[in-house]
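Peer 1: Supplied in structure tokens, the structure appears directly below.
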Amino acid sequence: MPLLRALLDGGLDDPEAVRIGDTAFSGPELLGAAAVVADEIGERSAPTSPVAVSATASAETVVAVVGALLAGAPVVPVPPDSGLAERGHLLSDSGATTWFGDKPRDVTLPCRRVDLSRRAGHEVREPTGDGPALILYTSGTTGSPKGVLLSADAMAAGLDGLADAWAWTAADTLAHGLPLFHVHGLVLGVFGALRTGSRLVHTGRPTPENYARAAREHGGSLFFGVPTVWSRIGDDPASAAALTDARLLVSGSAPLPVPVFERVREHTGQAPLERYGMSETMITLAVRADGERRPGWVGVPVAGVETRLRAVVDGPDGEPRTTDDDVPADGESIGELQVRGPSLFDGYLNRPEATAETWTDDGWFRTGDAAVVDGAGYHRIVGRRSVDLIKSGGYRIGAGEVETALLAHAGISEAAVVGEPDDDLGQRIVAHVVCPDGPVDAQEVMDFVGERLSKHKRPREVVVVDELPRNAMGKVQKARLRRD
Ligand code: MCA
Ligand code: AMP
């Protein structure tokens with residue numbers, strides 16, 4: 001069954017089926033525009049060559065991505081503000097052969113622009129779904145981002161699990177303003193609508209005013225946001241009041257703080273519903289539409305997913321090590337969350353060793369998140385095992401990637417990046433740097449990182465130190481840098 005089932009079945013025939021900013025399409029119009037892209041891809045390259053899409057929050061991005069899926073070309077969504085080093089890595093690592101969108105000067109690939117007014121009249125089909133359909137770049141603790149290979153079948157399974165959990169149907173209008181280069185905004189937030197047949201309203205920036213407008217003017221019933229978005233809505237009672245009649249307010253991508261949960265409930269009249277996932281796994285845990293909305297808990301496995309919690313002990317080298325022992329389902333005992341099911345990825349592109357490290361010998365995916373589970377199967381995420389994966393505004397940011405960018409600065413000889421608690425962003429990036437030739441200008445350092453990496457990877461604060469705290473082995477002791 002195709003990933004974009006409702007779109008290809010001729011559903012979505014309403015002229016407002018897909019609205020992004022000022023552009024609205026019916027399903028057949030979107031399909032006709034995407035078929036032009038599919039034809040162009042088929043003419044230019046081997047159909048299985050990856051295609052890079054400058055993933056602005058725009059109708060052009062949706063048309064390009066859908067067109068590439070129809071052509072059978074894996075899509076590499078590129079953050080539109082990615083800096084030179086990040087973009088260069090994404091393009092060379094993925095082997096993309098075509099660039100869709102406005103072309104930055106450093107991109108040498110053949111460039112195509114989507115023409116929203118063009119339509120192809122012929123019928124299109126989606127290729128079979130077990131090969132890579134999306135290559136999503138995501139940060140690890142060290143090194144450059146890795147390309148997560150997601151097949152259409154895995155995404156379809158994950159979306160069906162959510163449709164079941166949330167009673168998500170063609171009667172819904174999905175509204176959100178998330179970026180279109182991650183699972184949350186692109187897979188759930190676009191493919192989810194094109195699979196279930198629900199209308200889609202992309203709000204542009206995910207501001208409280210734009211969410212309120214999506215409710216008032218477009219009848220949004222199902223709202224997606226990261227906790228930062230819900231925190232800002234909770235602080236804006238007038239906008240929050242517009243969401244009172246929405247069917248579900250869904251939060252994910254990072255922990256939803258209990259005070260934010262309470263503020264959203266107070267001002268919208270309904271409790272938000274949490275779900276948990278990863279780029280590598282799609283959404284594996286969710287509170288069901290009719291389930292208990294318990295602040296701080298992310299619910300039960302979605303259909304087809306199994307979870308287990310494995311005990312973690314200190315290894316002989318002092319580093320934590322996961323054992324083969326399950327921790328009790330008592331709502332208190334903490335273990336590493338491991339998952340398996342049909343929505344999981346097919347590995348990291350070009351990284352067999354990194355791929356192997358994420359799987360246990362008996363075939364479970366190690367999430368790296370610490371969790372508890374209770375007797376009813378409700379899960380709570382209590383933290384990440386590694387301090388080097390930071391979640392800021394719902395974005396996953398590897399400390400190592402930011403440190404590498406900082407070390408390219410002539411005035412910086414050592415760098416250590418940590419995530420510090422932040423009421424708005426969950427965590428904010430703080431860089432501790434050693435500057436042998438005298439202090440550097442903090443804003444200049446932030447701009448320097450922004451030229452190399454995506455804007456959200458810029459440190460919010462730069463702290464100049466004489467030396468970094470290190471243990472006897474010379475390893476930086478990041479716990480000693482945190483000031484909370
Ligand atoms: C930010 N600004 C800065 C700096 N940082 N300026 C100078 N130096 C800095 N260090 C600027 C920004 O560019 C912006 O400027 C302004 O300050 C406000 O920035 P910010 O506070 O970041 O707010 P924002 O731009 O409104 O972003 C908040 C956000 C965003 C909208 C919540 O973080 C976001 O879209 N997050 C979604 C991430 C996401 O989709 N993750 C899903 C991953 P200006 O106003 O000029 O632009 S997928 C996943 O996690 C799994 C599968 C899952 O479970 O979903
Ligand atoms: P990403 O690769 O951007 O998909 O980020 C995945 C990570 O986000 C997970 O490993 C978790 O650490 C975190 N995450 C996602 N959803 C939640 C949630 N509801 N609560 C806590 N953490 C979450």
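Residues are named by chain letter and number: chains run A, B, ... in the order of the structure tokens, numbers start at 1 in each chain, and ligands are numbered from 1 in the order shown.
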List as a tab-separated table every residue of stretch 14-70 of chain A that is in contact with stretch 212-219 of chain A, defined as an atom at most 12 Å from one of its atoms (using only C-alpha atoms), together with the nearest atom pair and the distance in Å rounded to one decimal, sorted by chain and then rising number.
Peer 2:
```
residue	atom	partner	partner_atom	distance
A:Glu16	CA	A:His218	CA	9.1
A:Ala17	CA	A:His218	CA	10.7
A:Val18	CA	A:His218	CA	11.1
A:Arg19	CA	A:His218	CA	9.5
A:Ile20	CA	A:Ala214	CA	11.0
A:Gly21	CA	A:Ala214	CA	10.4
A:Ala24	CA	A:His218	CA	11.7
```
Peer 1: Would you name the residues within 7 Å of ligand 1, counting only C-alpha atoms and all ligand atoms, and put them as a ChimeraX atom specification?
Peer 2: /A:178-179,182-185,205-206,226,228-229,252-254,276-279,282-283,392-396,443,446-447,455-456,458-461
Peer 1: Just the selected residues (N, CA, C and O atoms), exported as a CSV table (one decimal), in the first residue's frame, please.
Peer 2:
```csv
chain,number,residue,atom,x,y,z
A,178,LEU,N,5.8,23.4,11.9
A,178,LEU,CA,7.2,22.8,12.2
A,178,LEU,C,8.0,22.8,10.9
A,178,LEU,O,7.5,22.7,9.8
A,179,PRO,N,9.3,22.7,11.1
A,179,PRO,CA,10.2,22.6,9.9
A,179,PRO,C,10.0,21.3,9.1
A,179,PRO,O,9.6,20.3,9.7
A,182,HIS,N,12.5,17.3,9.2
A,182,HIS,CA,12.6,16.3,10.3
A,182,HIS,C,11.4,15.4,10.3
A,182,HIS,O,10.4,15.8,9.6
A,183,VAL,N,11.4,14.3,11.0
A,183,VAL,CA,10.3,13.4,11.1
A,183,VAL,C,9.0,14.2,11.5
A,183,VAL,O,8.0,14.0,11.0
A,184,HIS,N,9.2,15.0,12.6
A,184,HIS,CA,8.0,15.6,13.1
A,184,HIS,C,7.2,16.4,12.1
A,184,HIS,O,6.0,16.2,11.8
A,185,GLY,N,7.8,17.4,11.5
A,185,GLY,CA,7.1,18.3,10.6
A,185,GLY,C,6.9,17.7,9.2
A,185,GLY,O,5.8,17.9,8.6
A,205,ARG,N,5.6,30.2,10.6
A,205,ARG,CA,6.3,30.0,11.9
A,205,ARG,C,5.3,29.5,12.9
A,205,ARG,O,4.1,29.9,12.9
A,206,PRO,N,5.7,28.7,13.9
A,206,PRO,CA,4.7,28.1,14.8
A,206,PRO,C,4.5,29.0,16.0
A,206,PRO,O,4.7,28.7,17.1
A,226,VAL,N,6.3,21.2,19.2
A,226,VAL,CA,7.3,20.9,20.2
A,226,VAL,C,7.0,21.6,21.5
A,226,VAL,O,6.3,22.6,21.5
A,228,THR,N,8.5,23.8,23.1
A,228,THR,CA,8.7,25.3,23.1
A,228,THR,C,7.5,26.0,22.5
A,228,THR,O,7.1,27.1,23.0
A,229,VAL,N,6.9,25.4,21.5
A,229,VAL,CA,5.7,26.0,20.9
A,229,VAL,C,4.6,26.0,21.9
A,229,VAL,O,3.9,27.0,22.1
A,252,GLY,N,5.6,16.8,21.2
A,252,GLY,CA,6.6,15.8,21.1
A,252,GLY,C,7.9,16.4,20.7
A,252,GLY,O,8.0,17.6,20.4
A,253,SER,N,8.9,15.5,20.5
A,253,SER,CA,10.3,15.8,20.1
A,253,SER,C,11.2,16.2,21.3
A,253,SER,O,12.4,16.2,21.2
A,254,ALA,N,10.6,16.5,22.5
A,254,ALA,CA,11.4,16.8,23.7
A,254,ALA,C,10.5,16.7,24.8
A,254,ALA,O,9.2,16.7,24.7
A,276,TYR,N,6.4,10.1,22.0
A,276,TYR,CA,7.8,10.0,22.0
A,276,TYR,C,8.3,9.3,20.8
A,276,TYR,O,7.7,8.3,20.4
A,277,GLY,N,9.4,9.8,20.2
A,277,GLY,CA,10.0,9.0,19.1
A,277,GLY,C,11.4,9.5,18.8
A,277,GLY,O,12.0,10.3,19.6
A,278,MET,N,11.9,9.0,17.7
A,278,MET,CA,13.2,9.4,17.2
A,278,MET,C,13.2,9.4,15.7
A,278,MET,O,12.4,8.7,15.1
A,279,SER,N,14.2,10.1,15.1
A,279,SER,CA,14.3,10.0,13.7
A,279,SER,C,14.5,8.6,13.2
A,279,SER,O,14.0,8.2,12.2
A,282,MET,N,10.7,6.6,14.1
A,282,MET,CA,9.4,7.2,14.1
A,282,MET,C,8.8,7.2,15.5
A,282,MET,O,9.6,7.1,16.5
A,283,ILE,N,7.5,7.4,15.7
A,283,ILE,CA,7.0,7.6,17.0
A,283,ILE,C,6.6,6.2,17.6
A,283,ILE,O,5.8,5.5,16.9
A,392,SER,N,17.3,21.3,21.9
A,392,SER,CA,17.0,22.7,22.1
A,392,SER,C,15.9,23.1,21.1
A,392,SER,O,16.0,22.9,19.9
A,393,GLY,N,14.8,23.5,21.6
A,393,GLY,CA,13.6,23.9,20.8
A,393,GLY,C,13.1,22.6,20.0
A,393,GLY,O,12.4,22.8,19.0
A,394,GLY,N,13.4,21.4,20.5
A,394,GLY,CA,13.0,20.2,19.8
A,394,GLY,C,14.0,19.7,18.8
A,394,GLY,O,13.8,18.7,18.2
A,395,TYR,N,15.0,20.5,18.5
A,395,TYR,CA,16.1,20.1,17.6
A,395,TYR,C,17.1,19.2,18.4
A,395,TYR,O,17.5,19.6,19.5
A,396,ARG,N,17.6,18.2,17.7
A,396,ARG,CA,18.6,17.3,18.3
A,396,ARG,C,20.0,17.9,17.8
A,396,ARG,O,20.2,18.0,16.6
A,443,GLN,N,29.3,37.2,20.3
A,443,GLN,CA,28.4,37.3,19.1
A,443,GLN,C,29.1,36.9,17.8
A,443,GLN,O,28.6,36.2,17.0
A,446,MET,N,29.2,33.2,17.8
A,446,MET,CA,27.9,32.6,17.4
A,446,MET,C,27.7,32.7,15.9
A,446,MET,O,27.2,31.8,15.3
A,447,ASP,N,28.0,33.9,15.4
A,447,ASP,CA,27.8,34.0,13.9
A,447,ASP,C,28.8,33.1,13.1
A,447,ASP,O,28.4,32.5,12.1
A,455,LYS,N,21.3,27.4,11.8
A,455,LYS,CA,21.2,28.5,12.8
A,455,LYS,C,20.9,28.0,14.2
A,455,LYS,O,21.4,28.5,15.2
A,456,HIS,N,20.0,26.9,14.3
A,456,HIS,CA,19.7,26.5,15.7
A,456,HIS,C,20.8,25.8,16.4
A,456,HIS,O,20.7,25.5,17.6
A,458,ARG,N,23.7,27.3,16.8
A,458,ARG,CA,24.6,28.4,17.3
A,458,ARG,C,24.5,28.3,18.9
A,458,ARG,O,23.4,28.2,19.4
A,459,PRO,N,25.6,28.5,19.6
A,459,PRO,CA,25.5,28.6,21.0
A,459,PRO,C,24.7,29.9,21.4
A,459,PRO,O,24.8,30.9,20.6
A,460,ARG,N,24.0,29.8,22.4
A,460,ARG,CA,23.3,31.0,22.9
A,460,ARG,C,24.2,31.8,23.9
A,460,ARG,O,23.9,32.9,24.2
A,461,GLU,N,25.2,31.1,24.4
A,461,GLU,CA,26.1,31.8,25.3
A,461,GLU,C,27.5,31.2,25.1
A,461,GLU,O,27.7,30.0,24.9
```
Peer 1: Skip A:Arg452 itself and residues of its chain fewer than 4 positions away, then list as a VMD selection string all residues within 8 Å of it, counting only C-alpha atoms.
Peer 2: chain A and resid 82 to 86 405 448
Peer 1: Compare A:Gly197, A:Pro301, A:Gly331, A:Gly400 by their minimum atom-to-atom distance to A:Val418, counting only C-alpha atoms, and give me the closest one.
Peer 2: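 Distance minimum relative to A:Val418 lands on A:Gly400.
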Peer 1: Please report, as a list in words, each residue of stretch 258-431 of chain A to which DSSP assigns alpha helix (DSSP H) when run on this structure's backbone.
Peer 2: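 Alpha helix (DSSP H) members of stretch 258-431 of chain A, listed: Val258, Pro259, Val260, Phe261, Glu262, Arg263, Val264, Arg265, Glu266, His267, Thr268, Pro352, Glu353, Ala354, Thr355, Ala356, Glu357, Ala399, Gly400, Glu401, Val402, Glu403, Thr404, Ala405, Leu406 and Leu407 of chain A.
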Peer 1: How would the residues just chosen look if you wrote them out with C-alpha atoms as a tab-separated table (two decimals), in the first residue's frame?
Peer 2:
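Heads up, here's the output in out.tsv:
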```tsv
chain	number	residue	atom	x	y	z
A	258	VAL	CA	4.84	19.70	33.78
A	259	PRO	CA	4.25	23.48	34.30
A	260	VAL	CA	3.81	23.88	30.52
A	261	PHE	CA	1.35	20.97	30.47
A	262	GLU	CA	-0.61	22.70	33.26
A	263	ARG	CA	-0.57	26.15	31.60
A	264	VAL	CA	-1.79	24.73	28.29
A	265	ARG	CA	-4.56	22.86	30.11
A	266	GLU	CA	-5.55	26.00	32.01
A	267	HIS	CA	-5.76	28.26	28.96
A	268	THR	CA	-7.07	25.86	26.30
A	352	PRO	CA	27.84	0.23	9.13
A	353	GLU	CA	29.68	0.46	12.44
A	354	ALA	CA	27.48	3.20	13.84
A	355	THR	CA	24.45	1.23	12.64
A	356	ALA	CA	25.66	-1.95	14.33
A	357	GLU	CA	26.23	-0.11	17.62
A	399	ALA	CA	27.84	18.67	21.09
A	400	GLY	CA	30.70	17.26	19.00
A	401	GLU	CA	29.51	18.89	15.78
A	402	VAL	CA	29.31	22.31	17.44
A	403	GLU	CA	32.71	21.79	19.11
A	404	THR	CA	34.27	20.97	15.72
A	405	ALA	CA	32.82	24.19	14.29
A	406	LEU	CA	34.15	26.19	17.26
A	407	LEU	CA	37.64	24.72	16.89
```
Peer 1: Considering only C-alpha atoms, can you say which of A:Ala271, A:Ala38, A:Leu31, A:Ala370 comes closest to A:Arg308?
Peer 2: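 Comparing A:Ala271, A:Ala38, A:Leu31, A:Ala370 against A:Arg308, the winner is A:Ala370.
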Peer 1: Which residue is closest to ligand 2? Choose from A:Trp99, A:Phe223, A:Phe365, A:Trp166 and count only C-alpha atoms and all ligand atoms.
Peer 2: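 Under the stated criterion, the closest residue is A:Phe365.
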Peer 1: Might you pull out every residue within 8 Å of stretch 54-66 of chain A, with only C-alpha atoms counted and same-chain residues fewer than 2 positions away left off, and present them as a PyMOL selection string?
Peer 2: chain A and resi 19-21+23+30-31+33-34+37+52+68-70+75+77-80+99-102+114-116+178-181+190+202+204
Peer 1: Excluding A:Thr98 and residues on its chain fewer than 3 positions from it, collect all residues at most 9 Å away from it, counting only C-alpha atoms, and give them as a list in words.
Peer 2: Ile41, Arg44, Ser45, Ser49, Pro50, Val51, Ala52, Val53, Leu109, Pro110, Cys111 and Arg112 of chain A
Peer 1: Interatomic distance between atom CA of A:Pro208 and atom CA of A:Leu453?
Peer 2: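 For atom CA of A:Pro208 relative to atom CA of A:Leu453, the distance reads 27.4 Å.
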Peer 1: Which residues are near A:Pro227? Cut-off 7 Å, only C-alpha atoms, ignore same chain within fewer than 3 positions. Put them as a PyMOL selection string.
Peer 2: chain A and resi 230-231+251-252+254-256
Peer 1: Store the residues picked out above, limited to N, CA, C and O atoms, as a PDB file, in the first residue's frame.
Peer 2:
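Generated output (part_28.pdb):
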```pdb
ATOM      1  N   TRP A 230       4.409  24.859  22.640  1.00  0.00           N
ATOM      2  CA  TRP A 230       3.319  24.804  23.626  1.00  0.00           C
ATOM      3  C   TRP A 230       3.588  25.749  24.786  1.00  0.00           C
ATOM      4  O   TRP A 230       2.661  26.343  25.359  1.00  0.00           O
ATOM      5  N   SER A 231       4.859  25.919  25.133  1.00  0.00           N
ATOM      6  CA  SER A 231       5.193  26.843  26.220  1.00  0.00           C
ATOM      7  C   SER A 231       4.807  28.273  25.831  1.00  0.00           C
ATOM      8  O   SER A 231       4.223  29.017  26.626  1.00  0.00           O
ATOM      9  N   SER A 251       2.061  17.073  21.789  1.00  0.00           N
ATOM     10  CA  SER A 251       3.425  17.571  22.009  1.00  0.00           C
ATOM     11  C   SER A 251       4.416  16.441  21.855  1.00  0.00           C
ATOM     12  O   SER A 251       4.179  15.322  22.310  1.00  0.00           O
ATOM     13  N   GLY A 252       5.559  16.761  21.243  1.00  0.00           N
ATOM     14  CA  GLY A 252       6.605  15.756  21.112  1.00  0.00           C
ATOM     15  C   GLY A 252       7.906  16.362  20.654  1.00  0.00           C
ATOM     16  O   GLY A 252       8.002  17.567  20.425  1.00  0.00           O
ATOM     17  N   ALA A 254      10.624  16.470  22.461  1.00  0.00           N
ATOM     18  CA  ALA A 254      11.410  16.791  23.657  1.00  0.00           C
ATOM     19  C   ALA A 254      10.456  16.700  24.848  1.00  0.00           C
ATOM     20  O   ALA A 254       9.232  16.695  24.652  1.00  0.00           O
ATOM     21  N   PRO A 255      11.004  16.638  26.065  1.00  0.00           N
ATOM     22  CA  PRO A 255      10.105  16.511  27.218  1.00  0.00           C
ATOM     23  C   PRO A 255       9.219  17.740  27.371  1.00  0.00           C
ATOM     24  O   PRO A 255       9.692  18.871  27.251  1.00  0.00           O
ATOM     25  N   LEU A 256       7.936  17.507  27.653  1.00  0.00           N
ATOM     26  CA  LEU A 256       7.004  18.609  27.904  1.00  0.00           C
ATOM     27  C   LEU A 256       7.024  18.873  29.415  1.00  0.00           C
ATOM     28  O   LEU A 256       6.549  18.036  30.189  1.00  0.00           O
TER      29      LEU A 256
END
```
Peer 1: Any idea what's packed within 9 Å of stretch 468-481 of chain A, counting only C-alpha atoms, ignoring anything in its chain fewer than 3 positions away? Could you give it as a PDB file with all heavy atoms, in the first residue's frame?
Peer 2:
```pdb
ATOM      1  N   VAL A 387      25.342  13.169  27.743  1.00  0.00           N
ATOM      2  CA  VAL A 387      25.201  14.626  27.864  1.00  0.00           C
ATOM      3  C   VAL A 387      25.523  15.302  26.531  1.00  0.00           C
ATOM      4  O   VAL A 387      25.300  16.503  26.370  1.00  0.00           O
ATOM      5  CB  VAL A 387      26.147  15.229  28.942  1.00  0.00           C
ATOM      6  CG1 VAL A 387      25.756  14.752  30.318  1.00  0.00           C
ATOM      7  CG2 VAL A 387      27.609  14.935  28.635  1.00  0.00           C
ATOM      8  N   ASP A 388      26.070  14.550  25.594  1.00  0.00           N
ATOM      9  CA  ASP A 388      26.506  15.155  24.334  1.00  0.00           C
ATOM     10  C   ASP A 388      25.407  15.229  23.278  1.00  0.00           C
ATOM     11  O   ASP A 388      25.655  15.659  22.154  1.00  0.00           O
ATOM     12  CB  ASP A 388      27.729  14.409  23.793  1.00  0.00           C
ATOM     13  CG  ASP A 388      28.953  14.737  24.621  1.00  0.00           C
ATOM     14  OD1 ASP A 388      29.034  15.879  25.110  1.00  0.00           O
ATOM     15  OD2 ASP A 388      29.812  13.862  24.804  1.00  0.00           O
ATOM     16  N   GLU A 414      40.393  25.212  22.527  1.00  0.00           N
ATOM     17  CA  GLU A 414      39.663  24.074  23.093  1.00  0.00           C
ATOM     18  C   GLU A 414      38.217  24.498  23.255  1.00  0.00           C
ATOM     19  O   GLU A 414      37.936  25.668  23.539  1.00  0.00           O
ATOM     20  CB  GLU A 414      40.198  23.703  24.484  1.00  0.00           C
ATOM     21  CG  GLU A 414      41.591  23.122  24.489  1.00  0.00           C
ATOM     22  CD  GLU A 414      42.065  22.892  25.922  1.00  0.00           C
ATOM     23  OE1 GLU A 414      41.419  22.120  26.644  1.00  0.00           O
ATOM     24  OE2 GLU A 414      43.055  23.529  26.311  1.00  0.00           O
ATOM     25  N   ALA A 415      37.308  23.531  23.121  1.00  0.00           N
ATOM     26  CA  ALA A 415      35.887  23.871  23.252  1.00  0.00           C
ATOM     27  C   ALA A 415      35.126  22.699  23.846  1.00  0.00           C
ATOM     28  O   ALA A 415      35.421  21.540  23.549  1.00  0.00           O
ATOM     29  CB  ALA A 415      35.304  24.217  21.879  1.00  0.00           C
ATOM     30  N   ALA A 416      34.173  23.014  24.703  1.00  0.00           N
ATOM     31  CA  ALA A 416      33.264  21.988  25.239  1.00  0.00           C
ATOM     32  C   ALA A 416      31.865  22.586  25.249  1.00  0.00           C
ATOM     33  O   ALA A 416      31.648  23.686  25.763  1.00  0.00           O
ATOM     34  CB  ALA A 416      33.686  21.588  26.647  1.00  0.00           C
ATOM     35  N   VAL A 417      30.933  21.852  24.648  1.00  0.00           N
ATOM     36  CA  VAL A 417      29.571  22.371  24.491  1.00  0.00           C
ATOM     37  C   VAL A 417      28.621  21.550  25.359  1.00  0.00           C
ATOM     38  O   VAL A 417      28.695  20.314  25.370  1.00  0.00           O
ATOM     39  CB  VAL A 417      29.181  22.291  22.995  1.00  0.00           C
ATOM     40  CG1 VAL A 417      27.689  22.453  22.798  1.00  0.00           C
ATOM     41  CG2 VAL A 417      29.947  23.357  22.218  1.00  0.00           C
ATOM     42  N   VAL A 418      27.774  22.238  26.107  1.00  0.00           N
ATOM     43  CA  VAL A 418      26.794  21.553  26.962  1.00  0.00           C
ATOM     44  C   VAL A 418      25.410  22.163  26.731  1.00  0.00           C
ATOM     45  O   VAL A 418      25.281  23.275  26.223  1.00  0.00           O
ATOM     46  CB  VAL A 418      27.153  21.674  28.469  1.00  0.00           C
ATOM     47  CG1 VAL A 418      28.403  20.878  28.797  1.00  0.00           C
ATOM     48  CG2 VAL A 418      27.314  23.124  28.885  1.00  0.00           C
ATOM     49  N   HIS A 432      31.785  26.462  26.185  1.00  0.00           N
ATOM     50  CA  HIS A 432      32.908  26.857  27.037  1.00  0.00           C
ATOM     51  C   HIS A 432      34.158  26.769  26.166  1.00  0.00           C
ATOM     52  O   HIS A 432      34.436  25.702  25.598  1.00  0.00           O
ATOM     53  CB  HIS A 432      33.023  25.925  28.245  1.00  0.00           C
ATOM     54  CG  HIS A 432      31.819  26.006  29.147  1.00  0.00           C
ATOM     55  ND1 HIS A 432      31.841  26.682  30.341  1.00  0.00           N
ATOM     56  CD2 HIS A 432      30.569  25.520  29.005  1.00  0.00           C
ATOM     57  CE1 HIS A 432      30.640  26.603  30.904  1.00  0.00           C
ATOM     58  NE2 HIS A 432      29.856  25.898  30.108  1.00  0.00           N
ATOM     59  N   VAL A 433      34.877  27.881  26.052  1.00  0.00           N
ATOM     60  CA  VAL A 433      36.015  27.899  25.127  1.00  0.00           C
ATOM     61  C   VAL A 433      37.282  28.418  25.801  1.00  0.00           C
ATOM     62  O   VAL A 433      37.215  29.254  26.703  1.00  0.00           O
ATOM     63  CB  VAL A 433      35.709  28.765  23.866  1.00  0.00           C
ATOM     64  CG1 VAL A 433      34.593  28.149  23.049  1.00  0.00           C
ATOM     65  CG2 VAL A 433      35.365  30.197  24.245  1.00  0.00           C
ATOM     66  N   VAL A 434      38.403  27.881  25.353  1.00  0.00           N
ATOM     67  CA  VAL A 434      39.708  28.362  25.809  1.00  0.00           C
ATOM     68  C   VAL A 434      40.296  29.198  24.674  1.00  0.00           C
ATOM     69  O   VAL A 434      40.324  28.744  23.518  1.00  0.00           O
ATOM     70  CB  VAL A 434      40.650  27.177  26.154  1.00  0.00           C
ATOM     71  CG1 VAL A 434      42.026  27.682  26.549  1.00  0.00           C
ATOM     72  CG2 VAL A 434      40.041  26.322  27.261  1.00  0.00           C
ATOM     73  N   VAL A 465      36.966  30.354  29.319  1.00  0.00           N
ATOM     74  CA  VAL A 465      37.576  29.788  30.535  1.00  0.00           C
ATOM     75  C   VAL A 465      39.083  29.640  30.320  1.00  0.00           C
ATOM     76  O   VAL A 465      39.556  29.577  29.180  1.00  0.00           O
ATOM     77  CB  VAL A 465      36.955  28.406  30.881  1.00  0.00           C
ATOM     78  CG1 VAL A 465      35.498  28.547  31.290  1.00  0.00           C
ATOM     79  CG2 VAL A 465      37.078  27.431  29.712  1.00  0.00           C
TER      80      VAL A 465
END
```
Peer 1: Please determine, counting only C-alpha atoms, which residue among A:Asp153, A:Glu123, A:Asp326, A:Asp39 has the shortest atom-to-atom distance to A:Gly10.
Peer 2: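 With only C-alpha atoms as the atom set, the closest residue is A:Glu123.
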Peer 1: Name the residues of stretch 200-311 of chain A that fall into strand (DSSP E or B) according to DSSP on the backbone, using the chain letters and numbers of this document, as a PyMOL selection string.
Peer 2: chain A and resi 200-202+222-225+248-251+273-278+282-286+299-301+306-311
Peer 1: Choose the residue, out of A:Arg5, A:Arg113, A:Lys391, A:Arg125, that has the smallest atom-to-atom separation from ligand 2; count only C-alpha atoms and all ligand atoms.
Peer 2: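 Using only C-alpha atoms and all ligand atoms, ligand 2 sits closest to A:Lys391.
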Peer 1: For A:Ala171, which residue among A:Gly11, A:Gly32, A:Gly147, A:Gly140 is the nearest when counting only C-alpha atoms?
Peer 2: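 Of A:Gly11, A:Gly32, A:Gly147, A:Gly140, the one nearest A:Ala171, counting only C-alpha atoms, is A:Gly11.
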Peer 1: What separation in Å, quoted to one decimal, exists between atom CA of A:Val302 and atom CA of A:Ile334?
Peer 2: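 Atom-to-atom, atom CA of A:Val302 to atom CA of A:Ile334, that is 20.9 Å.
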